[in-house]
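Peer 1: Pasting in a structure now, in structure tokens, and then I'll have a few things to ask.
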Amino acid sequence: MRDNHAHLSRLWVSAQKRERGLNQEQAVDTCLQVALGNLLKAARDGKELPRTVGMSDEPDRQYLFGTLADGPLKFPMLQYQELALLLAYGLGAVSSSELVAGQAYRHTVTPLAASLETVRDLPTFTAVQQMGSGLLKTVIASLGVDQVTLDIKKGDWVTAEASLKGTGKHQINLVSEDVVGTNGDTSLLLAGGGVQGSSAAARLASVHEVLFRATGGNAWSGVKCTAASAATPAALTILPPTPGGSAAGTYRVLYVPVESAALKTGTATADPSYDYANNQSTWTDSAAGLTAGAQVGRWIRITDGDAAGLIARIAANTTTAYTLEGVDLYTAGARSGDAYQVLQFGWLGGTLPGFVSEPGMYITNISVVVGGHWDGASFAGGRALGGDLNSLKWTLANGLTAEFRPGDQDYTSSLLRGQRKQTLSFDRRMTDAVYQAMLDSGVGSPAGQAPTFGLLVRATGPVIAGGYAYQADLVWPRLALKAASPDLDGETWKESSEVAVLSDPTYGPFLAKITNTVATYAA
């Protein structure tokens, strides 16, 4: 049923597997518990005419160009899987190992040393967003993590927020279909297929709008739909705009077709070929028996073999083959003999996953050690801030850019990173003047350089299996103090410290080790 309440919304992402290439959708595998109202946007950009001589104050037309995507991921109670997702896609290099068979895994995340490809510097993921219930579903391809902010505060949950940028490739689960008729018709037969919904009420809710325009007319008039059949193709029952009328015209129906049921199943009878110039693959099934052009706009979903889970949109089809846009199937591992399905929306194929329940991180799960040394395996020494810590905030900024270039049409063909920047600050009760002295004297450092130190932030949760617990170790091997400013906090003194994140020659600028129950991230 259509319901616009925000708490019924859902957001799924391909957390475990990254997209095989830019603008190549990946099946989603994780349902995220984002904040209420978390909204990703992918909308066309309307541009008015530039002001020129002879024009009135208001332009007389507007042009529609391509789409860019952006939006947040807001986690008001950060879980280990959510932190792993943000870091895996925000930094790019992930190594996962199994600690307890099928139960506990450890993921080591570090900055990617070089670009992933010529058109993207970091891995990208696919998102499927549901607004309300039955209101709208959208797939948004090729989202990258532009910025991550981690916030730890006394007396509160650990929170995180990421800002995303994407190429703008997307699709909604609504289709528009024109049916020729007269203004006296009481039923319409759709050509495209069935209407989504397992009950009469659900199918009726899947019909968003019916309009009628008389032949030669300029205006569309609303038409009331009272029922949608369960047949394929579906028949709609309507109240005609002019009962008993006979004027010819066109009905325009906006509806949700059957979302995930397979419209066709089969097996590839040849290895796929790839047209590099047009970025298209040919998927052959000599027994398909299709009607030429009937599957355009639908999706193929490969269901076994090395490319299982791959989804690709159909740009054209003959009676025995499909042309799939934006993907090199052979390089992705697809071969002759692989089974496939044709679906209206391949990104909704099967059952979308439910929430994965993990413990949230609260301030009491957190320990912070300042001043120790990271040796590549463990963190030694240092000083635990403990009860002195009021807050700690870390931001990672990638400077992603998605820009339209020659040849781009509906979405961009690149998603590139700028200079990576990290900022780190912490606020503590001022029970000593250690950091004031460190900043003032530079003891133990080369002349003219700020003293350096390491930092470990550890979150620890309940045991998973085999003695392994949920855990997240965030390590900055080399930091330098930029400022340590005393201030009044009620009746006592506090100290706010700003820290420069440096790159250690051996261990780099940052690494994370996260233990939870998920096998891979951005693999």
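By convention here, the chains of the structure tokens are called A, B, ... in the order presented, each chain's residues are numbered starting at 1, and ligands are numbered starting at 1 in the order presented.
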Extract, using only C-alpha atoms, all DNA, RNA and protein residues at most 10 Å from segment 499-505 of chain A, discarding same-chain residues fewer than 2 positions from it, and format them as a PyMOL selection string.
Peer 2: chain A and resi 374+394+421-426+450+452-454+476-484+497+507-510
Peer 1: Based on DSSP run over this structure's backbone, return all residues of segment 139-384 of chain A in strand (DSSP E), as a VMD selection string.
Peer 2: chain A and resid 139 to 153 159 to 166 170 to 172 175 to 182 187 to 189 207 to 214 221 to 222 224 to 228 235 to 239 248 to 255 264 to 267 273 to 275 280 to 284 299 to 302 311 to 317 321 to 325 339 to 343 366 to 370 373 to 374 379 to 380 383 to 384
Peer 1: In terms of the shortest atom-to-atom distance over only C-alpha atoms, which of A:Arg213, A:His170, A:Arg417, A:Lys153 is closest to Leu392 of chain A?
Peer 2: A:Lys153
Peer 1: Could you tell me, as number ranges by chain, which residues of segment 153-282 of chain A DSSP assigns to helix (DSSP H, G or I) when given the backbone?
Peer 2: A: 200-205
Peer 1: Any idea what's packed within 8 Å of segment 296-299 of chain A, counting only C-alpha atoms, ignoring anything in its chain fewer than 2 positions away? Could you give it as number ranges by chain?
Peer 2: A: 293-294, 301, 311-317, 342-346
Peer 1: Got time to write the residues from that selection, N, CA, C and O atoms, as a compact mmCIF listing (two decimals), in the first residue's frame?
Peer 2:
# COMPACT_ATOMS: atom_id res chain seq x y z
N GLY A 293 12.69 -6.36 -29.28
CA GLY A 293 12.44 -5.07 -28.65
C GLY A 293 11.54 -5.10 -27.44
O GLY A 293 11.39 -4.07 -26.76
N ALA A 294 10.96 -6.26 -27.11
CA ALA A 294 9.97 -6.30 -26.03
C ALA A 294 10.58 -6.16 -24.64
O ALA A 294 9.88 -5.81 -23.68
N ARG A 301 19.44 -10.48 -14.69
CA ARG A 301 20.12 -10.78 -13.43
C ARG A 301 20.71 -12.18 -13.57
O ARG A 301 19.99 -13.15 -13.78
N ILE A 311 23.79 -7.50 -12.32
CA ILE A 311 22.57 -7.01 -12.95
C ILE A 311 22.94 -6.01 -14.03
O ILE A 311 23.91 -5.27 -13.89
N ALA A 312 22.21 -6.02 -15.13
CA ALA A 312 22.51 -5.10 -16.23
C ALA A 312 21.22 -4.81 -17.00
O ALA A 312 20.38 -5.69 -17.20
N ARG A 313 21.09 -3.57 -17.42
CA ARG A 313 19.88 -3.14 -18.11
C ARG A 313 19.91 -3.51 -19.58
O ARG A 313 20.97 -3.43 -20.23
N ILE A 314 18.77 -3.88 -20.11
CA ILE A 314 18.64 -4.31 -21.50
C ILE A 314 18.41 -3.09 -22.39
O ILE A 314 17.43 -2.37 -22.23
N ALA A 315 19.33 -2.86 -23.33
CA ALA A 315 19.22 -1.73 -24.25
C ALA A 315 18.50 -2.13 -25.53
O ALA A 315 17.89 -1.28 -26.20
N ALA A 316 18.57 -3.41 -25.91
CA ALA A 316 17.91 -3.90 -27.11
C ALA A 316 17.83 -5.43 -27.00
O ALA A 316 18.58 -6.05 -26.24
N ASN A 317 16.90 -6.01 -27.75
CA ASN A 317 16.87 -7.47 -27.80
C ASN A 317 16.31 -7.95 -29.13
O ASN A 317 15.45 -7.32 -29.73
N VAL A 342 15.13 -12.46 -16.51
CA VAL A 342 14.76 -11.13 -16.97
C VAL A 342 13.72 -10.60 -16.00
O VAL A 342 12.72 -11.25 -15.72
N LEU A 343 13.99 -9.41 -15.43
CA LEU A 343 13.09 -8.80 -14.47
C LEU A 343 12.80 -7.36 -14.87
O LEU A 343 13.59 -6.73 -15.56
N GLN A 344 11.66 -6.88 -14.43
CA GLN A 344 11.33 -5.49 -14.70
C GLN A 344 12.36 -4.57 -14.06
O GLN A 344 12.80 -3.60 -14.65
N PHE A 345 12.72 -4.90 -12.82
CA PHE A 345 13.74 -4.14 -12.10
C PHE A 345 14.71 -5.14 -11.48
O PHE A 345 14.44 -5.67 -10.41
N GLY A 346 15.82 -5.40 -12.15
CA GLY A 346 16.77 -6.39 -11.66
C GLY A 346 17.32 -6.06 -10.29
O GLY A 346 17.67 -6.94 -9.51
Peer 1: Quick one: everything within 9 Å of Thr460 of chain A, counting only C-alpha atoms, minus sequence neighbours fewer than 3 positions away in the same chain. Send it as a tab-separated table (two decimals) with N, CA, C and O atoms, in the first residue's frame.
Peer 2:
chain	number	residue	atom	x	y	z
A	361	MET	N	27.40	1.36	19.36
A	361	MET	CA	28.52	1.82	20.17
A	361	MET	C	28.05	2.96	21.07
A	361	MET	O	27.57	3.99	20.59
A	365	ASN	N	31.55	1.96	25.62
A	365	ASN	CA	32.26	0.96	24.81
A	365	ASN	C	33.61	1.46	24.32
A	365	ASN	O	34.39	0.70	23.74
A	366	ILE	N	33.91	2.75	24.56
A	366	ILE	CA	35.05	3.41	23.93
A	366	ILE	C	36.21	3.57	24.90
A	366	ILE	O	36.03	3.93	26.06
A	367	SER	N	37.41	3.30	24.41
A	367	SER	CA	38.64	3.66	25.11
A	367	SER	C	39.52	4.45	24.16
A	367	SER	O	39.54	4.19	22.96
A	469	ALA	N	35.25	-10.72	20.05
A	469	ALA	CA	34.15	-9.79	20.30
A	469	ALA	C	34.02	-8.80	19.15
A	469	ALA	O	34.95	-8.61	18.35
A	470	TYR	N	32.86	-8.16	19.08
A	470	TYR	CA	32.75	-7.00	18.20
A	470	TYR	C	33.80	-5.99	18.63
A	470	TYR	O	33.93	-5.67	19.82
A	471	GLN	N	34.57	-5.49	17.67
A	471	GLN	CA	35.64	-4.56	18.03
A	471	GLN	C	35.99	-3.69	16.84
A	471	GLN	O	35.95	-4.14	15.69
A	472	ALA	N	36.34	-2.45	17.13
A	472	ALA	CA	36.84	-1.54	16.10
A	472	ALA	C	38.03	-0.80	16.67
A	472	ALA	O	37.90	-0.08	17.68
A	473	ASP	N	39.19	-1.00	16.08
A	473	ASP	CA	40.40	-0.27	16.44
A	473	ASP	C	40.70	0.75	15.35
A	473	ASP	O	40.92	0.38	14.19
Peer 1: Residues at most 6 Å from Gln341 of chain A, counting only C-alpha atoms, excluding those fewer than 2 positions away in the same chain, as a ChimeraX atom specification?
Peer 2: /A:262,264-265,300-301
Peer 1: Restricted to all heavy atoms, what would the selected residues look like written as a PDB file, in the first residue's frame?
Peer 2:
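The resulting again.pdb:
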ATOM      1  N   ALA A 262      10.315 -13.036 -12.018  1.00  0.00           N
ATOM      2  CA  ALA A 262      11.030 -13.239 -13.277  1.00  0.00           C
ATOM      3  C   ALA A 262      10.046 -13.270 -14.441  1.00  0.00           C
ATOM      4  O   ALA A 262       9.090 -14.038 -14.447  1.00  0.00           O
ATOM      5  CB  ALA A 262      11.825 -14.534 -13.222  1.00  0.00           C
ATOM      6  N   LYS A 264      11.199 -13.851 -17.486  1.00  0.00           N
ATOM      7  CA  LYS A 264      11.798 -14.835 -18.380  1.00  0.00           C
ATOM      8  C   LYS A 264      12.989 -15.446 -17.671  1.00  0.00           C
ATOM      9  O   LYS A 264      13.735 -14.763 -16.980  1.00  0.00           O
ATOM     10  CB  LYS A 264      12.259 -14.147 -19.679  1.00  0.00           C
ATOM     11  CG  LYS A 264      13.165 -14.950 -20.579  1.00  0.00           C
ATOM     12  CD  LYS A 264      12.414 -16.061 -21.291  1.00  0.00           C
ATOM     13  CE  LYS A 264      13.353 -16.850 -22.202  1.00  0.00           C
ATOM     14  NZ  LYS A 264      12.676 -18.016 -22.799  1.00  0.00           N
ATOM     15  N   THR A 265      13.165 -16.746 -17.775  1.00  0.00           N
ATOM     16  CA  THR A 265      14.364 -17.410 -17.275  1.00  0.00           C
ATOM     17  C   THR A 265      15.007 -18.178 -18.423  1.00  0.00           C
ATOM     18  O   THR A 265      14.334 -18.568 -19.389  1.00  0.00           O
ATOM     19  CB  THR A 265      14.045 -18.390 -16.131  1.00  0.00           C
ATOM     20  OG1 THR A 265      13.123 -19.391 -16.614  1.00  0.00           O
ATOM     21  CG2 THR A 265      13.435 -17.664 -14.941  1.00  0.00           C
ATOM     22  N   ILE A 300      18.559  -7.898 -16.877  1.00  0.00           N
ATOM     23  CA  ILE A 300      18.995  -9.285 -16.717  1.00  0.00           C
ATOM     24  C   ILE A 300      19.718  -9.393 -15.383  1.00  0.00           C
ATOM     25  O   ILE A 300      20.496  -8.516 -15.007  1.00  0.00           O
ATOM     26  CB  ILE A 300      19.903  -9.720 -17.885  1.00  0.00           C
ATOM     27  CG1 ILE A 300      19.036 -10.230 -19.046  1.00  0.00           C
ATOM     28  CG2 ILE A 300      20.916 -10.775 -17.460  1.00  0.00           C
ATOM     29  CD1 ILE A 300      19.812 -10.751 -20.229  1.00  0.00           C
ATOM     30  N   ARG A 301      19.441 -10.477 -14.695  1.00  0.00           N
ATOM     31  CA  ARG A 301      20.117 -10.784 -13.431  1.00  0.00           C
ATOM     32  C   ARG A 301      20.708 -12.181 -13.574  1.00  0.00           C
ATOM     33  O   ARG A 301      19.988 -13.152 -13.779  1.00  0.00           O
ATOM     34  CB  ARG A 301      19.130 -10.736 -12.274  1.00  0.00           C
ATOM     35  CG  ARG A 301      19.763 -10.942 -10.896  1.00  0.00           C
ATOM     36  CD  ARG A 301      18.670 -10.963  -9.835  1.00  0.00           C
ATOM     37  NE  ARG A 301      19.210 -11.077  -8.500  1.00  0.00           N
ATOM     38  CZ  ARG A 301      19.411 -10.054  -7.678  1.00  0.00           C
ATOM     39  NH1 ARG A 301      19.117  -8.834  -8.082  1.00  0.00           N
ATOM     40  NH2 ARG A 301      19.886 -10.245  -6.460  1.00  0.00           N
TER      41      ARG A 301
END
Peer 1: Nearest to Ala321 of chain A: which of A:Gly244, A:Gly337, A:Gly132, A:Gly289 is it, counting only C-alpha atoms?
Peer 2: A:Gly289
Peer 1: Compile the contact shell of Ala288 of chain A as a PDB file with N, CA, C and O atoms, in the first residue's frame: residues with an atom at most 8 Å away, counting only C-alpha atoms, same-chain residues fewer than 5 positions apart removed.
Peer 2:
ATOM      1  N   GLY A 266      16.309 -18.384 -18.330  1.00  0.00           N
ATOM      2  CA  GLY A 266      16.999 -19.097 -19.395  1.00  0.00           C
ATOM      3  C   GLY A 266      18.448 -19.336 -19.039  1.00  0.00           C
ATOM      4  O   GLY A 266      18.893 -19.078 -17.915  1.00  0.00           O
ATOM      5  N   THR A 319      15.227 -11.936 -31.041  1.00  0.00           N
ATOM      6  CA  THR A 319      14.516 -13.125 -30.564  1.00  0.00           C
ATOM      7  C   THR A 319      15.444 -14.085 -29.828  1.00  0.00           C
ATOM      8  O   THR A 319      14.979 -14.963 -29.105  1.00  0.00           O
ATOM      9  N   THR A 320      16.774 -13.899 -29.977  1.00  0.00           N
ATOM     10  CA  THR A 320      17.710 -14.855 -29.381  1.00  0.00           C
ATOM     11  C   THR A 320      18.825 -14.203 -28.562  1.00  0.00           C
ATOM     12  O   THR A 320      19.669 -14.907 -28.022  1.00  0.00           O
ATOM     13  N   ALA A 321      18.844 -12.883 -28.467  1.00  0.00           N
ATOM     14  CA  ALA A 321      19.968 -12.236 -27.772  1.00  0.00           C
ATOM     15  C   ALA A 321      19.538 -10.897 -27.180  1.00  0.00           C
ATOM     16  O   ALA A 321      18.606 -10.246 -27.668  1.00  0.00           O
TER      17      ALA A 321
END
Peer 1: With the cut-off set at 9 Å and counting only C-alpha atoms, tabulate each residue of segment 67-136 of chain A with an atom at most that distance from an atom of segment 33-48 of chain A, showing the nearest atom pair and its distance in Å to one decimal, ordered by chain and increasing number, as a Markdown table.
Peer 2:
| residue | atom | partner | partner_atom | distance |
| --- | --- | --- | --- | --- |
| A:Thr67 | CA | A:Arg44 | CA | 4.5 |
| A:Leu68 | CA | A:Ala42 | CA | 5.8 |
| A:Ala69 | CA | A:Ala42 | CA | 4.3 |
| A:Asp70 | CA | A:Lys41 | CA | 5.5 |
| A:Gly71 | CA | A:Leu40 | CA | 4.4 |
| A:Pro72 | CA | A:Asn38 | CA | 6.5 |
| A:Leu73 | CA | A:Val34 | CA | 6.5 |
| A:Lys74 | CA | A:Val34 | CA | 5.4 |
| A:Phe75 | CA | A:Val34 | CA | 5.1 |
| A:Pro76 | CA | A:Ala35 | CA | 6.1 |
| A:Met77 | CA | A:Gln33 | CA | 8.7 |
| A:Glu82 | CA | A:Gln33 | CA | 8.8 |
| A:Ala127 | CA | A:Leu40 | CA | 8.9 |
| A:Gln129 | CA | A:Leu40 | CA | 7.6 |
| A:Met131 | CA | A:Leu39 | CA | 8.6 |
Peer 1: For the residues in that selection, give me N, CA, C and O atoms as a PDB file, in the first residue's frame.
Peer 2:
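Saved result, result_20.pdb, follows:
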ATOM      1  N   THR A  67      21.935  14.080 -14.703  1.00  0.00           N
ATOM      2  CA  THR A  67      21.698  13.973 -13.271  1.00  0.00           C
ATOM      3  C   THR A  67      22.993  13.774 -12.524  1.00  0.00           C
ATOM      4  O   THR A  67      23.906  13.093 -12.997  1.00  0.00           O
ATOM      5  N   LEU A  68      23.092  14.350 -11.338  1.00  0.00           N
ATOM      6  CA  LEU A  68      24.124  14.011 -10.371  1.00  0.00           C
ATOM      7  C   LEU A  68      23.435  13.513  -9.113  1.00  0.00           C
ATOM      8  O   LEU A  68      22.279  13.857  -8.854  1.00  0.00           O
ATOM      9  N   ALA A  69      24.124  12.704  -8.329  1.00  0.00           N
ATOM     10  CA  ALA A  69      23.542  12.154  -7.101  1.00  0.00           C
ATOM     11  C   ALA A  69      24.338  12.627  -5.900  1.00  0.00           C
ATOM     12  O   ALA A  69      25.560  12.804  -5.969  1.00  0.00           O
ATOM     13  N   ASP A  70      23.639  12.822  -4.802  1.00  0.00           N
ATOM     14  CA  ASP A  70      24.314  13.149  -3.547  1.00  0.00           C
ATOM     15  C   ASP A  70      23.367  12.852  -2.395  1.00  0.00           C
ATOM     16  O   ASP A  70      22.196  12.511  -2.591  1.00  0.00           O
ATOM     17  N   GLY A  71      23.870  13.016  -1.197  1.00  0.00           N
ATOM     18  CA  GLY A  71      23.043  12.790  -0.014  1.00  0.00           C
ATOM     19  C   GLY A  71      23.875  12.266   1.131  1.00  0.00           C
ATOM     20  O   GLY A  71      25.074  11.980   0.984  1.00  0.00           O
ATOM     21  N   PRO A  72      23.266  12.118   2.299  1.00  0.00           N
ATOM     22  CA  PRO A  72      23.993  11.671   3.484  1.00  0.00           C
ATOM     23  C   PRO A  72      23.745  10.201   3.813  1.00  0.00           C
ATOM     24  O   PRO A  72      22.797   9.587   3.319  1.00  0.00           O
ATOM     25  N   LEU A  73      24.613   9.662   4.636  1.00  0.00           N
ATOM     26  CA  LEU A  73      24.329   8.457   5.411  1.00  0.00           C
ATOM     27  C   LEU A  73      24.500   8.868   6.866  1.00  0.00           C
ATOM     28  O   LEU A  73      25.620   9.142   7.318  1.00  0.00           O
ATOM     29  N   LYS A  74      23.393   8.923   7.603  1.00  0.00           N
ATOM     30  CA  LYS A  74      23.424   9.369   8.991  1.00  0.00           C
ATOM     31  C   LYS A  74      23.135   8.194   9.915  1.00  0.00           C
ATOM     32  O   LYS A  74      22.075   7.562   9.808  1.00  0.00           O
ATOM     33  N   PHE A  75      24.064   7.937  10.817  1.00  0.00           N
ATOM     34  CA  PHE A  75      23.920   6.828  11.756  1.00  0.00           C
ATOM     35  C   PHE A  75      23.886   7.384  13.179  1.00  0.00           C
ATOM     36  O   PHE A  75      24.925   7.703  13.759  1.00  0.00           O
ATOM     37  N   PRO A  76      22.690   7.498  13.773  1.00  0.00           N
ATOM     38  CA  PRO A  76      22.583   8.083  15.119  1.00  0.00           C
ATOM     39  C   PRO A  76      23.020   7.134  16.228  1.00  0.00           C
ATOM     40  O   PRO A  76      23.206   7.565  17.371  1.00  0.00           O
ATOM     41  N   MET A  77      23.162   5.848  15.920  1.00  0.00           N
ATOM     42  CA  MET A  77      23.688   4.850  16.848  1.00  0.00           C
ATOM     43  C   MET A  77      24.593   3.936  16.033  1.00  0.00           C
ATOM     44  O   MET A  77      24.165   2.958  15.452  1.00  0.00           O
ATOM     45  N   GLU A  82      28.328  -0.563  10.109  1.00  0.00           N
ATOM     46  CA  GLU A  82      28.192   0.745   9.477  1.00  0.00           C
ATOM     47  C   GLU A  82      29.538   1.459   9.403  1.00  0.00           C
ATOM     48  O   GLU A  82      29.868   2.093   8.394  1.00  0.00           O
ATOM     49  N   ALA A 127      22.901   1.809  -4.312  1.00  0.00           N
ATOM     50  CA  ALA A 127      21.891   1.948  -3.271  1.00  0.00           C
ATOM     51  C   ALA A 127      20.501   1.792  -3.871  1.00  0.00           C
ATOM     52  O   ALA A 127      20.254   2.208  -5.000  1.00  0.00           O
ATOM     53  N   GLN A 129      16.731   2.868  -2.626  1.00  0.00           N
ATOM     54  CA  GLN A 129      16.044   3.675  -1.619  1.00  0.00           C
ATOM     55  C   GLN A 129      14.539   3.539  -1.774  1.00  0.00           C
ATOM     56  O   GLN A 129      14.009   3.696  -2.867  1.00  0.00           O
ATOM     57  N   MET A 131      11.039   5.124  -0.360  1.00  0.00           N
ATOM     58  CA  MET A 131      10.431   6.222   0.379  1.00  0.00           C
ATOM     59  C   MET A 131       9.039   5.802   0.826  1.00  0.00           C
ATOM     60  O   MET A 131       8.205   5.419  -0.001  1.00  0.00           O
TER      61      MET A 131
END
Peer 1: Name all residues at most 10 Å from Gly192 of chain A (count only C-alpha atoms; drop same-chain ones fewer than 5 positions away) and give them as a ChimeraX atom specification.
Peer 2: /A:175-178,232-234,257-258,294-295,344
Peer 1: Could you jot down the atom CA of Thr395 of chain A to atom CA of Gly418 of chain A separation for me, Å, one decimal place?
Peer 2: 15.2 Å
Peer 1: Quote the spacing between atom CA of Gly350 of chain A and atom CA of Leu87 of chain A in Å to one decimal place.
Peer 2: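 Interatomic distance here is 28.3 Å.
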Peer 1: Have a look at atom CA of Ala308 of chain A and atom CA of Asp121 of chain A and let me know their distance in Å, one decimal.
Peer 2: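 Answer for the atom CA of Ala308 of chain A to atom CA of Asp121 of chain A separation: 25.2 Å.
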Peer 1: Find the residues of segment 329-424 of chain A that sit at most 10 Å from segment 161-168 of chain A; for each, write down the nearest two atoms and how far apart they are in Å, to one decimal. Count only C-alpha atoms. Sort by chain, then by number going up, and give it as JSON lines.
Peer 2:
{"residue": "A:Thr395", "atom": "CA", "partner": "A:Ala162", "partner_atom": "CA", "distance": 9.4}
{"residue": "A:Leu396", "atom": "CA", "partner": "A:Ala162", "partner_atom": "CA", "distance": 9.2}
{"residue": "A:Ala397", "atom": "CA", "partner": "A:Ser163", "partner_atom": "CA", "distance": 9.3}
{"residue": "A:Gly399", "atom": "CA", "partner": "A:Lys165", "partner_atom": "CA", "distance": 9.7}
{"residue": "A:Leu400", "atom": "CA", "partner": "A:Lys165", "partner_atom": "CA", "distance": 6.9}
{"residue": "A:Thr401", "atom": "CA", "partner": "A:Lys165", "partner_atom": "CA", "distance": 7.6}
{"residue": "A:Ala402", "atom": "CA", "partner": "A:Thr167", "partner_atom": "CA", "distance": 5.9}
{"residue": "A:Glu403", "atom": "CA", "partner": "A:Thr167", "partner_atom": "CA", "distance": 8.1}
{"residue": "A:Phe404", "atom": "CA", "partner": "A:Thr167", "partner_atom": "CA", "distance": 9.0}
{"residue": "A:Asp410", "atom": "CA", "partner": "A:Gly168", "partner_atom": "CA", "distance": 7.5}
{"residue": "A:Tyr411", "atom": "CA", "partner": "A:Gly168", "partner_atom": "CA", "distance": 5.0}
{"residue": "A:Thr412", "atom": "CA", "partner": "A:Thr167", "partner_atom": "CA", "distance": 4.9}
{"residue": "A:Ser413", "atom": "CA", "partner": "A:Thr167", "partner_atom": "CA", "distance": 6.9}
{"residue": "A:Ser414", "atom": "CA", "partner": "A:Thr167", "partner_atom": "CA", "distance": 7.0}
{"residue": "A:Leu415", "atom": "CA", "partner": "A:Thr167", "partner_atom": "CA", "distance": 6.7}
Peer 1: Please determine, counting only C-alpha atoms, which residue among A:Val145, A:Leu456, A:Ile238, A:Tyr276 has the shortest atom-to-atom distance to Gly381 of chain A.
Peer 2: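 Smallest separation from Gly381 of chain A among the options: A:Leu456.
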